[in-house]
Each structure stands twice: as C-alpha cells, then as structure tokens.
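Below is one structure, written out as structure tokens; comments come after it.
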Protein chains: 2
Amino acid sequence: MPRLILISGPSCIGKSPLVKGIGTLCPKVAETLETIVLYTDRDKRPGEEDGKDYHFRTREEIKALEGDKGYLVVDNRGDLQALELAAIDRILEKGCHALYEGNPRLPAKLREADVLEGYDTLSIFLSPLSRDELRAAQEAGLDIEALVTDIQRRKLLHRTTRQEGMLSRPDLDDIETRATSAYDELREAWRYDAVVPLHDGEGHDNWSRFGLPIGSARAAIKTVAALIAGQHTDGTEYWEADLLE
Amino acid sequence: MPRLILISGPSCIGKSPLVKGIGTLCPKVAETLETIVLYTDRDKRPGEEDGKDYHFRTREEIKALEGDKGYLVVDNRGDLQALELAAIDRILEKGCHALYEGNPRLPAKLREADVLEGYDTLSIFLSPLSRDELRAAQEAGLDIEALVTDIQRRKLLHRTTRQEGMLSRPDLDDIETRATSAYDELREAWRYDAVVPLHDGEGHDNWSRFGLPIGSARAAIKTVAALIAGQHTDGTEYWEADLLE
C-alpha cells in the first residue's frame, strides 16, 4: 500500500545523496517513490526547474497560503516553504509512495496539525550518532549538545569549503545556524518511526566519489531502502523518548 | 593464552589510531597487549624514544642483521625494518599478547619464513572495502585496482594536507607510492585470520576529534578488540582466496 514517507535529519546529514543513492543502489525501490513538490520563496538555483524541483513563488504568494487549510507553511531558516496536502493524495492515488525529503520543520508541522494520522506513514530520521554512541558519550560525561553541534559543524565546513573554495563570514554564520540547530532536531528523533545512523555527511567522498556508494553512506541507503520496502534491517534503531533528556 | 597479534593493512587505513583507540574504548583488552619494538634505520621523529618506539640503528647495523636467523629484515618503501624473533617470546613469557601493528611486509615475511607456525597467532587485515562492497564493485564492472587506489589516495591526500598544509611534489610522489600499493596488499588480505572493514582513514575526524571515537572508526576498534579478547563479532569477515582474483 502506498505510504507517506518522510526522510529528515539535520542540515548536511546526507538526506539528498541518500535519496539519490536509493536510485542507484535500489532502483526497484526508487520506482515506487514520487517526490512531493513543495512551494518555496527562495531563488531558483541554476539547473532547477519550476514545478519539478519546487513551485517557485513570491513570498507574498506563499504567505497567502498560510490561511488555507489545504496547505502547510513553514519557515525554513528565513525561506518560506509550503506543502499542498492534496499533492500527497495525488501521488498516493497513482499507487506511488509520496516522498518528502528535507528539514525536520515540515514533519513537525504535519505531526502538530494531525495530518499524519490520516495517512499510512513511514517517518525516518537520519542521525549523526547511533544510540550506542550517544549512550557512550553520555556515560563519558560529554556535553551532547556541543558534541552534536561539533560533528555537524565539521561536515558543514567540509561541504561548504568544497563548494565555495574559501569561506566568507556569511558562510560561517549560515554554518553556525545549521550546526547549532542539529541538537534540538535530534531531540525530536524519537518521534519518528525509525532512526538510521549516518556518519558520512553530504560532502563525503563515500557517496559518489568512487563509482559506488561505500561505508556508512552505503549502509544507510540500504537500510532506508529496506524500510521503504517494508523489510526489517539491522541498521534501524527505535529510540525511546528519554534518550536525549 | 598469549598470542602473536598482527594488525596490518594499507598505508593510512588507520592502524595506529585503531590500536590507540583500543586503549581508549577497551582498556582491559589494551592491558593484555604489549607492542613488539622493531629496529629501523629511519630518522627519529620528534617525540620518539629509542627502545620504546623503535630501536634506532644505522642502515649498516640493520643490514648486518639480514644474515642472522634470529632476525627478519624487510624493506619498507626504502626504510629497513628488523624484527628480533626473541622479542616476541619475551613478551609472551610475560603473559602478554605480542602486538605488531604496521605495514603488510613484515607479516608476509613472517609467513614466508614459517615463523607464524610456531606461534598461536591472530592476524587481522584492515580493509578499505567490505566483501559486500568489493562484490558490488565487481558486479558493476568497476576496475577494482583503480577503485582501491583512488579510495586510499583520497585518504592519504587528506591526511597529508592536514599535516603539511600544502602538498609538495615529493609529498604527492609518496602518496602515489602508498596508494598504488594498496591493491596488491589487499589481494593478500585473505591470508589473514580475519578481515575488518574500516572506512575512516587515519586523518578522519571520527577517530579522536569529538571526545569519543564514532562511526566506522569506532566499529573497527570494537571489532578488533573483541577478536583479541577471543569473541566473535558481526564486523569480522573471513575472505576466500579468490575474492580478488
């Protein structure tokens, strides 16, 4: 039965390359997926297509959707994003899983608005640390918030340095905003149906540098694909609510 | 019973941080280990101590050991290294495991000289790819030698850039020598008692950047420590001779 599938996690955790990797490693699973096209007020980037990557609209147009019960609007670090609920239904009616891959604000909003109850949902949170690692860090008396921030900051620095060559002050501000959000996002991970640890960040060589995904990138792709296919896998974790309290 | 333990793998795979990590994560296992001090003709580096890190000798002194049946001498990319066989026995007599951690030339020499037969030995090869990944790469028709070289070259570039800031021509020559040796070394991995996949290279953040080892680094430390403690673990692979033929 087609489901609403939410794949989320902190910035730079590797959400996009993971979904792309399902296409490479598990094409039969990828065929069952159709991505929900969101509305956004951010500028179109080179190569992006209106109606395919996003519905590109003005800030005013998206703000106007806030009163509409058919839409959910979230603020993604200053950019507005909107989801048309009927877009989910149109995909499900085709017999495909409706896929959202992105920041945790929209899944939270879907949950708060009691939308998830209306769907057969599979929500997956990609975590920079496994439960075992978090427990070990807690036992060692480490500051978990600082630890998670540091891990994600390193990945963001790495990815942005690759993209930009050298980093500007606005780059570093943006990285800091994203890195310091990661811990609060991780604290909500237990609300997801499954947590999948993923250590290779978005700019990591292991995704696509070598002709096939390897390492943690590969393991996470396979685990998520198996979850979508309805199979149990060893790489999946189910977090208790108080793990990060 | 105390054993001769050989931990080897390609340059930059993470042999040294792995052994160091056993001390951090599994101190009780680390207490059962004593490292065999080798002879070398290379220059002493800052912080190194004669008789502790190596027995530092002249090239002539080490060359003279070649005829001595009590010593094995190998050429490690131009540096001579020698192992005094009695050094193994002295450690075992104390009730400790005698640990060699280093390049695959010495384990190969020990094997060829039929020395290993005289000891209860545990030999572990750290591999940049798991068997599953190698099989997938073979099925995808990838050039495995080029793949392994590329993976190790990236790690070496990363580590050396961290150490040197910028890379010189001799740095790149050295990296190329090490990277292009990796495949031939990997082809001998099946001769080891166990193969442990390890994706985080020697300069990777996951070893010691965050206050505790995480990711593939952590998994490999735990797997090797368990093997030393005589336990079976899921992370261990046993390779067939024709995997890389």
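In the structure tokens, the first chain shown is A, the next is B, and so on; residue numbers restart at 1 for each chain, and ligands run from 1 in the order shown.
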**Q.** Neighbours of chain B in chain A at 7 Å, counting only C-alpha atoms, as a list in words
**A.** Glu133, Ala137, Leu147, His199, Phe210, Leu212, Ile214 and Gly215 of chain A
Same residues, all heavy atoms, saved as a PDB file, in the first residue's frame:
ATOM      1  N   GLU A 133      26.423   5.134  20.446  1.00  0.00           N
ATOM      2  CA  GLU A 133      27.396   6.226  20.562  1.00  0.00           C
ATOM      3  C   GLU A 133      26.892   7.320  21.499  1.00  0.00           C
ATOM      4  O   GLU A 133      27.663   7.875  22.294  1.00  0.00           O
ATOM      5  CB  GLU A 133      27.701   6.797  19.174  1.00  0.00           C
ATOM      6  CG  GLU A 133      28.518   5.836  18.316  1.00  0.00           C
ATOM      7  CD  GLU A 133      28.594   6.221  16.847  1.00  0.00           C
ATOM      8  OE1 GLU A 133      27.775   7.043  16.389  1.00  0.00           O
ATOM      9  OE2 GLU A 133      29.464   5.673  16.148  1.00  0.00           O
ATOM     10  N   ALA A 137      28.670   8.474  24.920  1.00  0.00           N
ATOM     11  CA  ALA A 137      29.036   9.876  25.149  1.00  0.00           C
ATOM     12  C   ALA A 137      28.436  10.371  26.460  1.00  0.00           C
ATOM     13  O   ALA A 137      29.083  11.108  27.212  1.00  0.00           O
ATOM     14  CB  ALA A 137      28.560  10.734  23.978  1.00  0.00           C
ATOM     15  N   LEU A 147      28.698  18.234  21.392  1.00  0.00           N
ATOM     16  CA  LEU A 147      29.201  17.140  20.552  1.00  0.00           C
ATOM     17  C   LEU A 147      28.478  17.101  19.207  1.00  0.00           C
ATOM     18  O   LEU A 147      29.114  17.068  18.140  1.00  0.00           O
ATOM     19  CB  LEU A 147      29.009  15.812  21.296  1.00  0.00           C
ATOM     20  CG  LEU A 147      29.298  14.523  20.521  1.00  0.00           C
ATOM     21  CD1 LEU A 147      30.765  14.423  20.154  1.00  0.00           C
ATOM     22  CD2 LEU A 147      28.873  13.297  21.340  1.00  0.00           C
ATOM     23  N   HIS A 199      26.912   8.456   9.303  1.00  0.00           N
ATOM     24  CA  HIS A 199      28.107   9.213   9.690  1.00  0.00           C
ATOM     25  C   HIS A 199      28.731   9.997   8.545  1.00  0.00           C
ATOM     26  O   HIS A 199      29.491  10.922   8.783  1.00  0.00           O
ATOM     27  CB  HIS A 199      29.152   8.266  10.290  1.00  0.00           C
ATOM     28  CG  HIS A 199      28.745   7.698  11.612  1.00  0.00           C
ATOM     29  ND1 HIS A 199      28.093   6.494  11.728  1.00  0.00           N
ATOM     30  CD2 HIS A 199      28.847   8.177  12.869  1.00  0.00           C
ATOM     31  CE1 HIS A 199      27.844   6.250  13.006  1.00  0.00           C
ATOM     32  NE2 HIS A 199      28.292   7.256  13.722  1.00  0.00           N
ATOM     33  N   PHE A 210      33.458   7.366  -5.854  1.00  0.00           N
ATOM     34  CA  PHE A 210      34.205   6.166  -6.252  1.00  0.00           C
ATOM     35  C   PHE A 210      33.454   5.236  -7.210  1.00  0.00           C
ATOM     36  O   PHE A 210      33.845   4.095  -7.393  1.00  0.00           O
ATOM     37  CB  PHE A 210      34.613   5.378  -5.002  1.00  0.00           C
ATOM     38  CG  PHE A 210      35.428   6.180  -4.019  1.00  0.00           C
ATOM     39  CD1 PHE A 210      34.988   6.374  -2.719  1.00  0.00           C
ATOM     40  CD2 PHE A 210      36.630   6.751  -4.405  1.00  0.00           C
ATOM     41  CE1 PHE A 210      35.736   7.105  -1.816  1.00  0.00           C
ATOM     42  CE2 PHE A 210      37.392   7.484  -3.508  1.00  0.00           C
ATOM     43  CZ  PHE A 210      36.939   7.672  -2.208  1.00  0.00           C
ATOM     44  N   LEU A 212      30.661   3.807  -6.754  1.00  0.00           N
ATOM     45  CA  LEU A 212      29.588   3.150  -5.991  1.00  0.00           C
ATOM     46  C   LEU A 212      29.627   3.702  -4.577  1.00  0.00           C
ATOM     47  O   LEU A 212      30.700   4.048  -4.085  1.00  0.00           O
ATOM     48  CB  LEU A 212      29.724   1.622  -6.003  1.00  0.00           C
ATOM     49  CG  LEU A 212      30.653   0.928  -5.001  1.00  0.00           C
ATOM     50  CD1 LEU A 212      30.406  -0.563  -4.992  1.00  0.00           C
ATOM     51  CD2 LEU A 212      32.109   1.245  -5.295  1.00  0.00           C
ATOM     52  N   ILE A 214      29.916   3.732  -0.694  1.00  0.00           N
ATOM     53  CA  ILE A 214      30.572   2.802   0.233  1.00  0.00           C
ATOM     54  C   ILE A 214      30.387   3.315   1.665  1.00  0.00           C
ATOM     55  O   ILE A 214      29.894   4.418   1.888  1.00  0.00           O
ATOM     56  CB  ILE A 214      32.081   2.619  -0.077  1.00  0.00           C
ATOM     57  CG1 ILE A 214      32.848   3.944   0.102  1.00  0.00           C
ATOM     58  CG2 ILE A 214      32.283   2.081  -1.482  1.00  0.00           C
ATOM     59  CD1 ILE A 214      34.371   3.791  -0.011  1.00  0.00           C
ATOM     60  N   GLY A 215      30.789   2.508   2.610  1.00  0.00           N
ATOM     61  CA  GLY A 215      30.836   2.927   4.009  1.00  0.00           C
ATOM     62  C   GLY A 215      29.466   3.186   4.602  1.00  0.00           C
ATOM     63  O   GLY A 215      28.480   2.532   4.269  1.00  0.00           O
TER      64      GLY A 215
END
Q) Please, which residues of segment 1-140 of chain B, numbered as in this document, come out helix (DSSP H, G or I) from DSSP, as number ranges by chain? A) B: 15-25, 27-30, 59-67, 85-93, 105-112, 116-118, 131-139
(Q) Rounded to one decimal, what separation in Å do you get between atom CA of Arg131 of chain A and atom CA of Ile228 of chain B? (A) 24.9 Å
Q: Pull the strand (DSSP E) assignments for segment 9-176 of chain A out of DSSP run on the backbone, and list those residues as a VMD selection string.
A: chain A and resid 33 to 35 38 to 40 54 to 56 71 to 76 79 to 84 97 to 102 121 to 127
(Q) Show me, as a PyMOL selection string, the residues that have an atom within 10 Å of Val73 of chain A when counting only C-alpha atoms, minus same-chain residues fewer than 5 positions from it. (A) chain A and resi 38-40+62-68+80-84+105-106+109-110
Requested write-out: all heavy atoms of the selected residues, as a short mmCIF file (atom, residue, chain, number, x, y, z; two decimals), in the first residue's frame:
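Saved file out34.cif follows:
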data_model
loop_
_atom_site.label_atom_id
_atom_site.label_comp_id
_atom_site.auth_asym_id
_atom_site.auth_seq_id
_atom_site.Cartn_x
_atom_site.Cartn_y
_atom_site.Cartn_z
N LEU A 38 7.31 20.83 -3.33
CA LEU A 38 6.92 21.87 -2.37
C LEU A 38 6.91 23.25 -3.03
O LEU A 38 7.50 23.45 -4.09
CB LEU A 38 7.91 21.90 -1.20
CG LEU A 38 8.11 20.61 -0.40
CD1 LEU A 38 9.13 20.85 0.71
CD2 LEU A 38 6.79 20.12 0.19
N TYR A 39 6.28 24.19 -2.37
CA TYR A 39 6.36 25.60 -2.75
C TYR A 39 7.50 26.25 -1.96
O TYR A 39 7.72 25.91 -0.80
CB TYR A 39 5.05 26.32 -2.41
CG TYR A 39 3.90 25.90 -3.29
CD1 TYR A 39 3.27 24.67 -3.10
CD2 TYR A 39 3.45 26.73 -4.32
CE1 TYR A 39 2.23 24.27 -3.92
CE2 TYR A 39 2.40 26.34 -5.14
CZ TYR A 39 1.79 25.12 -4.93
OH TYR A 39 0.77 24.72 -5.74
N THR A 40 8.22 27.16 -2.60
CA THR A 40 9.27 27.89 -1.88
C THR A 40 9.35 29.32 -2.39
O THR A 40 9.02 29.58 -3.55
CB THR A 40 10.64 27.20 -2.03
OG1 THR A 40 11.61 27.90 -1.23
CG2 THR A 40 11.14 27.23 -3.48
N ILE A 62 3.22 32.82 -1.05
CA ILE A 62 3.30 31.72 -0.08
C ILE A 62 2.68 32.13 1.25
O ILE A 62 1.97 31.35 1.88
CB ILE A 62 4.75 31.24 0.09
CG1 ILE A 62 5.21 30.63 -1.25
CG2 ILE A 62 4.86 30.21 1.21
CD1 ILE A 62 6.54 29.96 -1.23
N LYS A 63 2.91 33.38 1.65
CA LYS A 63 2.29 33.88 2.88
C LYS A 63 0.77 33.75 2.80
O LYS A 63 0.10 33.44 3.78
CB LYS A 63 2.68 35.34 3.11
CG LYS A 63 3.92 35.50 4.00
CD LYS A 63 4.00 36.90 4.57
CE LYS A 63 5.12 37.06 5.59
NZ LYS A 63 4.94 36.27 6.80
N ALA A 64 0.23 33.98 1.60
CA ALA A 64 -1.23 33.92 1.40
C ALA A 64 -1.77 32.52 1.63
O ALA A 64 -2.95 32.33 1.95
CB ALA A 64 -1.58 34.40 -0.01
N LEU A 65 -0.90 31.49 1.49
CA LEU A 65 -1.34 30.10 1.67
C LEU A 65 -1.51 29.76 3.15
O LEU A 65 -2.10 28.73 3.49
CB LEU A 65 -0.33 29.14 1.03
CG LEU A 65 -0.12 29.27 -0.49
CD1 LEU A 65 1.01 28.35 -0.94
CD2 LEU A 65 -1.40 28.94 -1.24
N GLU A 66 -0.95 30.61 4.03
CA GLU A 66 -0.96 30.29 5.46
C GLU A 66 -2.37 30.12 6.02
O GLU A 66 -2.60 29.32 6.91
CB GLU A 66 -0.20 31.36 6.26
CG GLU A 66 1.30 31.09 6.28
CD GLU A 66 2.06 32.07 7.16
OE1 GLU A 66 1.49 33.08 7.60
OE2 GLU A 66 3.25 31.82 7.41
N GLY A 67 -3.33 30.86 5.49
CA GLY A 67 -4.69 30.74 5.98
C GLY A 67 -5.45 29.59 5.35
O GLY A 67 -6.52 29.20 5.82
N ASP A 68 -4.88 29.00 4.32
CA ASP A 68 -5.57 27.95 3.56
C ASP A 68 -5.38 26.60 4.24
O ASP A 68 -4.26 26.17 4.48
CB ASP A 68 -4.96 27.93 2.14
CG ASP A 68 -5.78 27.09 1.18
OD1 ASP A 68 -6.35 26.07 1.61
OD2 ASP A 68 -5.82 27.46 -0.01
N LEU A 80 10.45 30.63 3.19
CA LEU A 80 9.14 30.01 3.42
C LEU A 80 8.98 28.80 2.50
O LEU A 80 9.39 28.83 1.34
CB LEU A 80 8.01 31.01 3.15
CG LEU A 80 7.87 32.17 4.13
CD1 LEU A 80 6.64 33.02 3.77
CD2 LEU A 80 7.77 31.67 5.57
N GLN A 81 8.42 27.73 3.05
CA GLN A 81 8.10 26.55 2.26
C GLN A 81 6.64 26.20 2.51
O GLN A 81 6.16 26.33 3.64
CB GLN A 81 8.96 25.36 2.66
CG GLN A 81 10.41 25.46 2.22
CD GLN A 81 11.19 24.20 2.53
OE1 GLN A 81 10.80 23.44 3.41
NE2 GLN A 81 12.28 23.99 1.82
N ALA A 82 5.95 25.73 1.49
CA ALA A 82 4.57 25.30 1.67
C ALA A 82 4.36 23.93 1.04
O ALA A 82 4.96 23.60 0.01
CB ALA A 82 3.61 26.31 1.07
N LEU A 83 3.52 23.15 1.70
CA LEU A 83 3.14 21.83 1.19
C LEU A 83 1.64 21.84 0.92
O LEU A 83 0.85 22.16 1.82
CB LEU A 83 3.49 20.76 2.22
CG LEU A 83 2.86 19.37 2.02
CD1 LEU A 83 3.48 18.67 0.82
CD2 LEU A 83 3.02 18.52 3.27
N GLU A 84 1.26 21.49 -0.30
CA GLU A 84 -0.16 21.33 -0.62
C GLU A 84 -0.54 19.91 -0.23
O GLU A 84 0.02 18.94 -0.76
CB GLU A 84 -0.39 21.56 -2.12
CG GLU A 84 -1.86 21.50 -2.50
CD GLU A 84 -2.06 21.21 -3.99
OE1 GLU A 84 -1.06 20.97 -4.69
OE2 GLU A 84 -3.22 21.20 -4.43
N ARG A 105 11.32 20.65 10.03
CA ARG A 105 10.22 21.56 10.36
C ARG A 105 8.90 21.08 9.78
O ARG A 105 7.87 21.10 10.45
CB ARG A 105 10.53 22.97 9.86
CG ARG A 105 11.42 23.75 10.84
CD ARG A 105 12.10 24.92 10.19
NE ARG A 105 13.48 25.00 10.65
CZ ARG A 105 14.49 24.28 10.18
NH1 ARG A 105 14.29 23.44 9.19
NH2 ARG A 105 15.69 24.39 10.69
N LEU A 106 8.93 20.64 8.53
CA LEU A 106 7.69 20.21 7.89
C LEU A 106 7.12 18.93 8.53
O LEU A 106 5.92 18.90 8.84
CB LEU A 106 7.91 20.04 6.38
CG LEU A 106 6.63 20.04 5.56
CD1 LEU A 106 5.88 21.36 5.69
CD2 LEU A 106 6.95 19.77 4.09
N LYS A 109 5.44 20.00 11.65
CA LYS A 109 4.18 20.70 11.37
C LYS A 109 3.08 19.70 10.98
O LYS A 109 1.93 19.83 11.41
CB LYS A 109 4.42 21.69 10.22
CG LYS A 109 3.27 22.64 9.97
CD LYS A 109 3.45 23.93 10.73
CE LYS A 109 2.37 24.94 10.37
NZ LYS A 109 2.64 26.27 10.95
N LEU A 110 3.43 18.72 10.17
CA LEU A 110 2.47 17.68 9.77
C LEU A 110 1.95 16.94 11.00
O LEU A 110 0.78 16.60 11.10
CB LEU A 110 3.13 16.67 8.82
CG LEU A 110 3.32 17.11 7.36
CD1 LEU A 110 4.33 16.21 6.66
CD2 LEU A 110 1.99 17.07 6.61
#
Write out as a PDB file with N, CA, C and O atoms, in the first residue's frame the residues lying within 10 Å of His204 of chain B, counting only C-alpha atoms and excluding same-chain residues fewer than 6 positions away.
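Result file is selection_18.pdb:
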ATOM      1  N   CYS B  12      47.710   4.404   5.730  1.00  0.00           N
ATOM      2  CA  CYS B  12      46.661   5.391   6.027  1.00  0.00           C
ATOM      3  C   CYS B  12      45.298   4.752   6.290  1.00  0.00           C
ATOM      4  O   CYS B  12      44.299   5.446   6.423  1.00  0.00           O
ATOM      5  N   GLY B  14      44.434   3.360   8.974  1.00  0.00           N
ATOM      6  CA  GLY B  14      44.033   3.686  10.348  1.00  0.00           C
ATOM      7  C   GLY B  14      44.558   2.704  11.388  1.00  0.00           C
ATOM      8  O   GLY B  14      43.958   2.548  12.449  1.00  0.00           O
ATOM      9  N   PRO B  17      45.742   4.723  14.822  1.00  0.00           N
ATOM     10  CA  PRO B  17      44.615   5.200  15.640  1.00  0.00           C
ATOM     11  C   PRO B  17      43.730   4.066  16.133  1.00  0.00           C
ATOM     12  O   PRO B  17      43.130   4.178  17.204  1.00  0.00           O
ATOM     13  N   LYS B 155      42.360   9.375   1.061  1.00  0.00           N
ATOM     14  CA  LYS B 155      42.674   9.412   2.496  1.00  0.00           C
ATOM     15  C   LYS B 155      44.074   9.961   2.729  1.00  0.00           C
ATOM     16  O   LYS B 155      44.306  10.747   3.649  1.00  0.00           O
ATOM     17  N   HIS B 158      44.167  13.655   2.156  1.00  0.00           N
ATOM     18  CA  HIS B 158      43.518  14.322   3.270  1.00  0.00           C
ATOM     19  C   HIS B 158      44.451  14.392   4.481  1.00  0.00           C
ATOM     20  O   HIS B 158      44.652  15.447   5.074  1.00  0.00           O
ATOM     21  N   ARG B 159      45.044  13.249   4.823  1.00  0.00           N
ATOM     22  CA  ARG B 159      45.933  13.210   5.982  1.00  0.00           C
ATOM     23  C   ARG B 159      47.144  14.114   5.777  1.00  0.00           C
ATOM     24  O   ARG B 159      47.528  14.889   6.658  1.00  0.00           O
ATOM     25  N   ALA B 217      35.318   4.113  12.455  1.00  0.00           N
ATOM     26  CA  ALA B 217      36.483   4.043  13.344  1.00  0.00           C
ATOM     27  C   ALA B 217      36.111   3.292  14.622  1.00  0.00           C
ATOM     28  O   ALA B 217      36.784   2.344  15.030  1.00  0.00           O
TER      29      ALA B 217
END
(Q) Taking 4 positions as the minimum chain separation for residues in the same chain, which residues sit within 8 Å of Arg187 of chain A when counting only C-alpha atoms? Answer as a list in words. (A)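 Counting only C-alpha atoms, the residues come to Tyr183, Leu244 and Glu245 of chain A.
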So which residues touch segment 113-124 of chain A within 9 Å, counting only C-alpha atoms, skipping near sequence neighbours fewer than 5 positions away, as a short mmCIF file (atom, residue, chain, number, x, y, z; two decimals) with all heavy atoms, in the first residue's frame?
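Produced file out.cif, reproduced below:
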data_model
loop_
_atom_site.label_atom_id
_atom_site.label_comp_id
_atom_site.auth_asym_id
_atom_site.auth_seq_id
_atom_site.Cartn_x
_atom_site.Cartn_y
_atom_site.Cartn_z
N MET A 1 0.84 -1.20 0.00
CA MET A 1 0.00 0.00 0.00
C MET A 1 0.87 1.25 0.00
O MET A 1 1.85 1.31 0.75
CB MET A 1 -0.90 0.00 1.24
CG MET A 1 -2.29 0.55 0.95
SD MET A 1 -3.32 0.58 2.43
CE MET A 1 -2.66 1.95 3.34
N PRO A 2 0.54 2.21 -0.83
CA PRO A 2 1.38 3.42 -0.88
C PRO A 2 1.33 4.21 0.42
O PRO A 2 0.27 4.32 1.04
CB PRO A 2 0.80 4.22 -2.05
CG PRO A 2 -0.56 3.68 -2.28
CD PRO A 2 -0.55 2.27 -1.81
N ARG A 3 2.46 4.73 0.82
CA ARG A 3 2.56 5.44 2.09
C ARG A 3 3.13 6.84 1.90
O ARG A 3 3.76 7.16 0.89
CB ARG A 3 3.48 4.66 3.04
CG ARG A 3 2.87 3.37 3.54
CD ARG A 3 3.73 2.74 4.61
NE ARG A 3 4.93 2.13 4.05
CZ ARG A 3 5.83 1.49 4.80
NH1 ARG A 3 5.68 1.40 6.11
NH2 ARG A 3 6.89 0.95 4.23
N LEU A 4 2.92 7.65 2.93
CA LEU A 4 3.60 8.94 3.01
C LEU A 4 4.94 8.68 3.69
O LEU A 4 4.98 8.19 4.82
CB LEU A 4 2.76 9.92 3.83
CG LEU A 4 3.43 11.25 4.20
CD1 LEU A 4 3.84 12.03 2.95
CD2 LEU A 4 2.51 12.08 5.08
N ILE A 5 6.03 8.98 3.00
CA ILE A 5 7.36 8.69 3.55
C ILE A 5 8.10 10.00 3.81
O ILE A 5 8.27 10.82 2.91
CB ILE A 5 8.15 7.78 2.59
CG1 ILE A 5 7.45 6.42 2.53
CG2 ILE A 5 9.60 7.63 3.05
CD1 ILE A 5 8.03 5.46 1.54
N LEU A 6 8.52 10.17 5.06
CA LEU A 6 9.23 11.39 5.46
C LEU A 6 10.66 11.01 5.83
O LEU A 6 10.88 10.22 6.75
CB LEU A 6 8.54 12.04 6.66
CG LEU A 6 7.03 12.27 6.55
CD1 LEU A 6 6.45 12.73 7.89
CD2 LEU A 6 6.72 13.30 5.46
N ILE A 7 11.62 11.57 5.12
CA ILE A 7 13.03 11.34 5.45
C ILE A 7 13.61 12.68 5.87
O ILE A 7 13.64 13.64 5.10
CB ILE A 7 13.80 10.77 4.24
CG1 ILE A 7 13.20 9.42 3.84
CG2 ILE A 7 15.29 10.63 4.57
CD1 ILE A 7 13.86 8.79 2.62
N SER A 8 14.07 12.75 7.13
CA SER A 8 14.54 14.03 7.64
C SER A 8 15.79 13.84 8.49
O SER A 8 16.26 12.72 8.70
CB SER A 8 13.43 14.71 8.44
OG SER A 8 13.72 16.07 8.61
N GLY A 9 16.30 14.96 8.97
CA GLY A 9 17.52 14.94 9.77
C GLY A 9 18.18 16.31 9.69
O GLY A 9 17.73 17.17 8.92
N LEU A 72 0.23 23.57 4.29
CA LEU A 72 1.02 23.81 5.50
C LEU A 72 2.21 24.67 5.11
O LEU A 72 2.90 24.38 4.14
CB LEU A 72 1.52 22.49 6.09
CG LEU A 72 0.47 21.59 6.75
CD1 LEU A 72 1.15 20.35 7.32
CD2 LEU A 72 -0.26 22.34 7.86
N LEU A 85 -1.47 19.76 0.71
CA LEU A 85 -1.81 18.42 1.19
C LEU A 85 -2.36 17.54 0.07
O LEU A 85 -2.09 16.33 0.03
CB LEU A 85 -2.82 18.52 2.35
CG LEU A 85 -2.25 19.20 3.60
CD1 LEU A 85 -3.34 19.40 4.65
CD2 LEU A 85 -1.10 18.40 4.19
N PRO A 107 7.93 17.90 8.77
CA PRO A 107 7.39 16.74 9.50
C PRO A 107 6.79 17.13 10.85
O PRO A 107 5.73 16.62 11.23
CB PRO A 107 8.61 15.83 9.68
CG PRO A 107 9.49 16.15 8.52
CD PRO A 107 9.29 17.63 8.26
N ALA A 108 7.44 18.07 11.56
CA ALA A 108 6.90 18.50 12.86
C ALA A 108 5.54 19.16 12.67
O ALA A 108 4.59 18.89 13.42
CB ALA A 108 7.88 19.48 13.52
N ALA A 189 14.04 13.19 17.36
CA ALA A 189 14.20 12.00 16.51
C ALA A 189 13.34 10.83 16.98
O ALA A 189 12.84 10.04 16.18
CB ALA A 189 15.67 11.58 16.46
N ARG A 191 10.44 10.76 17.88
CA ARG A 191 9.06 10.82 17.38
C ARG A 191 8.92 10.13 16.03
O ARG A 191 7.81 9.89 15.56
CB ARG A 191 8.62 12.28 17.23
CG ARG A 191 8.60 13.05 18.54
CD ARG A 191 8.00 14.43 18.32
NE ARG A 191 8.17 15.29 19.48
CZ ARG A 191 7.33 15.32 20.52
NH1 ARG A 191 6.27 14.54 20.52
NH2 ARG A 191 7.55 16.11 21.55
N TYR A 192 10.04 9.87 15.37
CA TYR A 192 9.99 9.23 14.04
C TYR A 192 9.82 7.72 14.20
O TYR A 192 10.19 7.14 15.23
CB TYR A 192 11.27 9.55 13.27
CG TYR A 192 11.32 10.98 12.77
CD1 TYR A 192 11.42 12.06 13.66
CD2 TYR A 192 11.24 11.27 11.41
CE1 TYR A 192 11.45 13.37 13.20
CE2 TYR A 192 11.27 12.58 10.94
CZ TYR A 192 11.37 13.62 11.84
OH TYR A 192 11.40 14.92 11.39
N ASP A 193 9.27 7.09 13.17
CA ASP A 193 9.07 5.64 13.22
C ASP A 193 10.39 4.89 13.34
O ASP A 193 10.46 3.84 13.96
CB ASP A 193 8.34 5.16 11.96
CG ASP A 193 6.94 5.74 11.86
OD1 ASP A 193 6.27 5.80 12.90
OD2 ASP A 193 6.53 6.15 10.76
N ALA A 194 11.43 5.43 12.72
CA ALA A 194 12.73 4.75 12.73
C ALA A 194 13.84 5.79 12.71
O ALA A 194 13.68 6.87 12.16
CB ALA A 194 12.85 3.83 11.52
N VAL A 195 14.97 5.43 13.34
CA VAL A 195 16.16 6.28 13.29
C VAL A 195 17.27 5.48 12.61
O VAL A 195 17.49 4.31 12.95
CB VAL A 195 16.61 6.72 14.70
CG1 VAL A 195 17.88 7.56 14.63
CG2 VAL A 195 15.50 7.49 15.40
N VAL A 196 17.92 6.09 11.64
CA VAL A 196 19.01 5.41 10.93
C VAL A 196 20.29 6.23 11.13
O VAL A 196 20.35 7.39 10.71
CB VAL A 196 18.70 5.27 9.42
CG1 VAL A 196 19.89 4.67 8.67
CG2 VAL A 196 17.45 4.41 9.22
N VAL A 224 17.53 2.40 4.61
CA VAL A 224 16.33 3.18 4.31
C VAL A 224 15.53 2.51 3.19
O VAL A 224 14.29 2.41 3.26
CB VAL A 224 16.69 4.64 3.95
CG1 VAL A 224 15.49 5.39 3.41
CG2 VAL A 224 17.25 5.35 5.18
N LEU A 227 13.61 -0.32 4.63
CA LEU A 227 12.47 0.15 5.41
C LEU A 227 11.31 0.52 4.48
O LEU A 227 10.15 0.19 4.75
CB LEU A 227 12.86 1.38 6.25
CG LEU A 227 13.65 1.10 7.53
CD1 LEU A 227 14.21 2.40 8.11
CD2 LEU A 227 12.77 0.41 8.57
N ILE A 228 11.63 1.21 3.38
CA ILE A 228 10.59 1.60 2.43
C ILE A 228 9.94 0.35 1.82
O ILE A 228 8.73 0.30 1.61
CB ILE A 228 11.18 2.51 1.33
CG1 ILE A 228 11.62 3.85 1.94
CG2 ILE A 228 10.17 2.75 0.20
CD1 ILE A 228 12.40 4.75 1.00
#
Q. To one decimal place, how far is atom CA of Asp184 of chain A from atom CA of Ser127 of chain A in Å?
A. 12.0 Å
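Of note, atom CA of Gly70 of chain B and atom CA of Asn103 of chain B are spaced 20.4 Å apart.
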Q. Which residues, written as a ChimeraX atom specification, have at least one atom at most 12 Å from Asp173 of chain A, with only C-alpha atoms counted and residues fewer than 6 positions away on the same chain left out?
A. /A:77,153,156-157,160,167,179-180
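Residue nearest Lys28 of chain B within the list B:Ala219, B:Gln152, B:Ala226, B:Glu202: B:Ala226 [criterion: smallest interatomic distance, only C-alpha atoms].
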